[in-house]
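So the structure is just underneath, and the comments pick up after that.
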Amino acid sequence: MADLHSPAILLHTPQLGENIGAAARVMLNFGLTDLRLIAPRDGWPNPAAEAMSAGALEQGVTARVFDSLEAAMAGLTFAVATTARPRGIEKPVLDTPQAVSVLAAHPGQAGVLFGGEKSGLPNEAVALCDVILTYPVNPGFASLNLAQAVGILCHQWGAGAGLGGRFEGKNEGVGAPASREEVIGMFEHFEAELDRAGYFYPPEKTPVITNNLRNALIRAQWTEQEVRTFRGAIKALTLGRGKARVKRED
């Protein structure tokens with residue numbers, strides 16, 4: 001059963017099953033499950049939609065088919081029409097964050113209406129909605145794929161609902177930061193080998209060159225593992241490894 005607080009997504013006369021499936025997929029990505037189809041051209045169910053949904057139509061998204069928009073809007077107490085065209089209709093026009101804020105604050109169930117691929121929403125459909133939602137698209141190329149248009153709204157809903165990313169808060173792949181002692185030890189190791197190789201010339205410029213190197217390297221915000229890796233690389237470059245290893249007294 002759909003969450004009554006989450007908005008329903010209504011697709012008005014959608015044509016391609018692939019777009020319906022992609023819309024269902026992105027809906028479930030961001031926690032929306034109520035999908036209402038008004039007179040889909042190719043009927044329902046649609047094998048192309050099922051394939052494109054990547055399992056969303058089986059794992060949470062409920063798709064229902066209606067013969068008319070009026071029937072599809074049953075149970076809704078607020079509706080948003082999405083359009084990229086000026087309509088000459090006296091309705092508030094919202095951007096995506098504004099629309100999501102209004103949807104989230106509305107006490108009943110709301111719906112967001114998207115037009116079909118061929119010509120978008122007819123004026124009579126827009127007339128049944130409370131507000132208009134429009135995206136900040138290129139005025140010279142304002143046409144959006146149906147599933148992409150649904151995805152923009154769903155993403156904003158997910159952000160507003162506080163959904164966390166898959167790795168959010170887990171610090172996956174980020175090691176413990178290196179201590180200042182470890183970083184300075186790495187600097188000194190690097191500089192000692194550079195000095196041995198005769199890099200600091202003329203000698204009186206050594207402090208300036210050293211500071212330049214340290215300033216550049218410190219911006220990397222080293223982790224413990226990165227310090228160990230870099231020092232291993234210095235050692236390999238100066239002493240070699242395996243049969244190429246150089247024997248030094250120090």
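Chains: A, B, ... in order of the structure tokens. Residues: from 1 per chain. Ligands: from 1, in order shown.
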
Practice item. Just the residues within 10 Å of Asn29 (chain A), please, counting only C-alpha atoms, with nothing from its chain fewer than 5 positions along; format it as number ranges by chain. Key: A: 23-24, 56, 151, 154-155, 158, 163

Output C-alpha atoms for every residue in the selection just made, as an mmCIF file, in the first residue's frame.
data_model
loop_
_atom_site.group_PDB
_atom_site.id
_atom_site.type_symbol
_atom_site.label_atom_id
_atom_site.label_comp_id
_atom_site.auth_asym_id
_atom_site.auth_seq_id
_atom_site.Cartn_x
_atom_site.Cartn_y
_atom_site.Cartn_z
ATOM 1 C CA ALA A 23 9.902 6.040 -14.208
ATOM 2 C CA ALA A 24 8.934 3.203 -11.856
ATOM 3 C CA ALA A 56 10.737 -1.962 -9.214
ATOM 4 C CA GLY A 151 13.524 11.369 -11.973
ATOM 5 C CA CYS A 154 11.843 11.986 -7.307
ATOM 6 C CA HIS A 155 15.432 12.981 -6.564
ATOM 7 C CA GLY A 158 14.353 11.875 -1.716
ATOM 8 C CA LEU A 163 17.212 9.643 2.416
#

Review point. Neighbours of region 120-128 of chain A within 6 Å (only C-alpha atoms; same-chain residues fewer than 2 positions away dropped), as an NGL selection string?
Key: :A and (81 or 115-116)

With all heavy atoms retained, write the just-selected residues as an mmCIF file, in the first residue's frame.
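Output (selection_21.cif):
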data_model
loop_
_atom_site.group_PDB
_atom_site.id
_atom_site.type_symbol
_atom_site.label_atom_id
_atom_site.label_comp_id
_atom_site.auth_asym_id
_atom_site.auth_seq_id
_atom_site.Cartn_x
_atom_site.Cartn_y
_atom_site.Cartn_z
ATOM 1 N N ALA A 81 0.940 20.016 -11.709
ATOM 2 C CA ALA A 81 1.110 19.753 -13.138
ATOM 3 C C ALA A 81 2.517 20.154 -13.554
ATOM 4 O O ALA A 81 2.974 21.257 -13.241
ATOM 5 C CB ALA A 81 0.086 20.539 -13.944
ATOM 6 N N GLY A 115 3.036 14.764 -18.432
ATOM 7 C CA GLY A 115 2.413 14.544 -19.727
ATOM 8 C C GLY A 115 3.120 13.471 -20.537
ATOM 9 O O GLY A 115 4.271 13.113 -20.268
ATOM 10 N N GLY A 116 2.452 12.968 -21.541
ATOM 11 C CA GLY A 116 3.008 11.943 -22.414
ATOM 12 C C GLY A 116 4.122 12.468 -23.302
ATOM 13 O O GLY A 116 4.338 13.677 -23.434
#

I want to know what sits within 12 Å of Ala54 (chain A), based on only C-alpha atoms, with residues of the same chain fewer than 3 positions away left out; could you give that as a short mmCIF file (atom, residue, chain, number, x, y, z; two decimals) with N, CA and C atoms, in the first residue's frame?
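Output below, filename out_35.cif:
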data_model
loop_
_atom_site.label_atom_id
_atom_site.label_comp_id
_atom_site.auth_asym_id
_atom_site.auth_seq_id
_atom_site.Cartn_x
_atom_site.Cartn_y
_atom_site.Cartn_z
N GLU A 18 9.06 1.47 -22.08
CA GLU A 18 10.38 1.69 -21.49
C GLU A 18 10.39 2.91 -20.58
N ILE A 20 7.78 4.12 -18.96
CA ILE A 20 7.02 3.79 -17.76
C ILE A 20 7.88 2.99 -16.80
N GLY A 21 8.59 2.01 -17.33
CA GLY A 21 9.46 1.20 -16.48
C GLY A 21 10.58 2.00 -15.85
N ALA A 22 11.18 2.90 -16.64
CA ALA A 22 12.26 3.73 -16.09
C ALA A 22 11.73 4.67 -15.02
N ALA A 23 10.51 5.17 -15.22
CA ALA A 23 9.90 6.04 -14.21
C ALA A 23 9.66 5.27 -12.92
N ALA A 24 9.16 4.03 -13.04
CA ALA A 24 8.93 3.20 -11.86
C ALA A 24 10.25 2.93 -11.13
N ARG A 25 11.28 2.70 -11.89
CA ARG A 25 12.59 2.41 -11.28
C ARG A 25 13.09 3.59 -10.47
N VAL A 26 13.04 4.78 -11.05
CA VAL A 26 13.56 5.94 -10.32
C VAL A 26 12.64 6.33 -9.18
N MET A 27 11.36 6.03 -9.30
CA MET A 27 10.45 6.26 -8.17
C MET A 27 10.90 5.46 -6.95
N LEU A 28 11.14 4.17 -7.16
CA LEU A 28 11.52 3.32 -6.03
C LEU A 28 12.91 3.68 -5.51
N ASN A 29 13.78 4.15 -6.39
CA ASN A 29 15.09 4.63 -5.94
C ASN A 29 14.96 5.67 -4.84
N PRO A 47 5.43 -5.67 -21.16
CA PRO A 47 6.71 -6.36 -20.94
C PRO A 47 7.91 -5.42 -20.99
N ALA A 48 7.86 -4.42 -21.87
CA ALA A 48 8.99 -3.47 -21.97
C ALA A 48 9.13 -2.67 -20.69
N ALA A 49 8.01 -2.32 -20.08
CA ALA A 49 8.05 -1.57 -18.82
C ALA A 49 8.60 -2.43 -17.70
N GLU A 50 8.18 -3.68 -17.67
CA GLU A 50 8.65 -4.58 -16.62
C GLU A 50 10.15 -4.78 -16.70
N ALA A 51 10.67 -4.95 -17.92
CA ALA A 51 12.11 -5.14 -18.09
C ALA A 51 12.88 -3.89 -17.68
N LEU A 57 8.71 -2.75 -10.32
CA LEU A 57 7.28 -3.05 -10.38
C LEU A 57 6.92 -4.30 -9.59
N GLU A 58 7.92 -5.05 -9.21
CA GLU A 58 7.69 -6.25 -8.39
C GLU A 58 8.05 -6.02 -6.94
N GLN A 59 8.90 -5.03 -6.69
CA GLN A 59 9.46 -4.86 -5.36
C GLN A 59 8.91 -3.67 -4.59
N GLY A 60 7.87 -3.03 -5.08
CA GLY A 60 7.33 -1.94 -4.27
C GLY A 60 6.45 -0.96 -5.00
N VAL A 61 6.73 -0.70 -6.27
CA VAL A 61 5.92 0.26 -7.00
C VAL A 61 4.63 -0.40 -7.46
#

Point to revise | Every residue of region 79-210 of chain A that DSSP places in strand (DSSP E or B), as a VMD selection string | key: chain A and resid 79 to 82 93 to 94 110 to 114 116 120 131 to 133 177

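Each of A:Val65, A:Leu10, A:Ala142, A:Ile184 was compared to Cys129 (chain A) using only C-alpha atoms, and A:Leu10 turns out to be the nearest.
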
Exercise for review: Find the residues near Thr238 (chain A): any atom within 12 Å, counting only C-alpha atoms, skip ones fewer than 6 places away on the same chain, and give them as an MDAnalysis selection string.
Suggested key: chainID A and resid 189:197 231:232 244:248

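The residues of region 59-115 of chain A that DSSP classifies as alpha helix (DSSP H), using the backbone of this structure, are Gln59, Leu69, Glu70, Ala71, Ala72, Thr96, Pro97, Gln98, Ala99, Val100, Ser101, Val102, Leu103, Ala104 and Ala105 of chain A.
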
Output the selection as a short mmCIF file (atom, residue, chain, number, x, y, z; two decimals), in the first residue's frame - N, CA and C atoms for each residue.
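The resulting file, selection-v1.cif, is reproduced below:
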data_model
loop_
_atom_site.label_atom_id
_atom_site.label_comp_id
_atom_site.auth_asym_id
_atom_site.auth_seq_id
_atom_site.Cartn_x
_atom_site.Cartn_y
_atom_site.Cartn_z
N GLN A 59 8.90 -5.03 -6.69
CA GLN A 59 9.46 -4.86 -5.36
C GLN A 59 8.91 -3.67 -4.59
N LEU A 69 -8.19 10.95 -16.50
CA LEU A 69 -7.46 11.66 -15.46
C LEU A 69 -8.32 11.84 -14.22
N GLU A 70 -9.58 12.14 -14.42
CA GLU A 70 -10.47 12.33 -13.28
C GLU A 70 -10.48 11.09 -12.39
N ALA A 71 -10.54 9.92 -13.00
CA ALA A 71 -10.54 8.68 -12.22
C ALA A 71 -9.20 8.47 -11.53
N ALA A 72 -8.11 8.82 -12.20
CA ALA A 72 -6.78 8.62 -11.63
C ALA A 72 -6.53 9.53 -10.43
N THR A 96 11.39 23.10 -8.46
CA THR A 96 11.34 21.77 -7.85
C THR A 96 11.43 21.81 -6.32
N PRO A 97 12.39 22.53 -5.71
CA PRO A 97 12.40 22.58 -4.24
C PRO A 97 11.12 23.13 -3.65
N GLN A 98 10.57 24.16 -4.28
CA GLN A 98 9.31 24.73 -3.77
C GLN A 98 8.17 23.72 -3.86
N ALA A 99 8.10 23.03 -4.98
CA ALA A 99 7.03 22.05 -5.16
C ALA A 99 7.14 20.93 -4.14
N VAL A 100 8.35 20.45 -3.90
CA VAL A 100 8.53 19.36 -2.94
C VAL A 100 8.19 19.83 -1.53
N SER A 101 8.53 21.05 -1.20
CA SER A 101 8.17 21.58 0.12
C SER A 101 6.65 21.63 0.29
N VAL A 102 5.95 22.07 -0.76
CA VAL A 102 4.49 22.12 -0.70
C VAL A 102 3.91 20.71 -0.59
N LEU A 103 4.45 19.78 -1.36
CA LEU A 103 3.97 18.39 -1.32
C LEU A 103 4.18 17.78 0.06
N ALA A 104 5.35 18.04 0.65
CA ALA A 104 5.67 17.46 1.95
C ALA A 104 4.79 18.05 3.05
N ALA A 105 4.44 19.32 2.90
CA ALA A 105 3.64 19.98 3.94
C ALA A 105 2.16 19.68 3.83
#

Exercise for review: Identify, on the basis of only C-alpha atoms, every residue whose closest approach to Glu182 (chain A) does not exceed 8 Å; exclude the query and any residue fewer than 4 positions from it along the same chain; express the result as a list in words.
Suggested key: Ala178, Met186, Glu224 and Val227 of chain A

Review point. Smallest atom-to-atom distance to Asn145 (chain A): which of A:Ser53, A:Asn46, A:Gln15, A:Gln225, using only C-alpha atoms?
Key: A:Gln15

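Relative to CA of Arg64 (chain A), CA of Leu144 (chain A) is found at 23.6 Å.
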
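Candidate residues A:Pro92, A:Pro7, A:Gly140, A:Pro14 were compared for distance to Ala79 (chain A), and the nearest is A:Pro7, using only C-alpha atoms.
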
Exercise for review: Give the answer as one residue: which of A:Met52, A:Met73, A:Arg219, A:Gly17 has the shortest atom-to-atom distance to Asp34 (chain A), using only C-alpha atoms?
Suggested key: A:Met73

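Relative to CA of Phe187 (chain A), CA of Ile209 (chain A) is found at 12.4 Å.
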
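Between CA of Glu188 (chain A) and CA of Val208 (chain A) the separation is 14.8 Å.
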
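In terms of minimum interatomic distance to Thr83 (chain A), A:Ile132 ranks closest within A:Ile132, A:Ile234, A:Leu37, A:Ala110, counting only C-alpha atoms.
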
Review point. What lies within 9 Å of Asp67 (chain A) using only C-alpha atoms, ignoring chain neighbours under 6 positions off, as a list in words?
Key: Leu37, Ile38, Ala39 and Pro40 of chain A
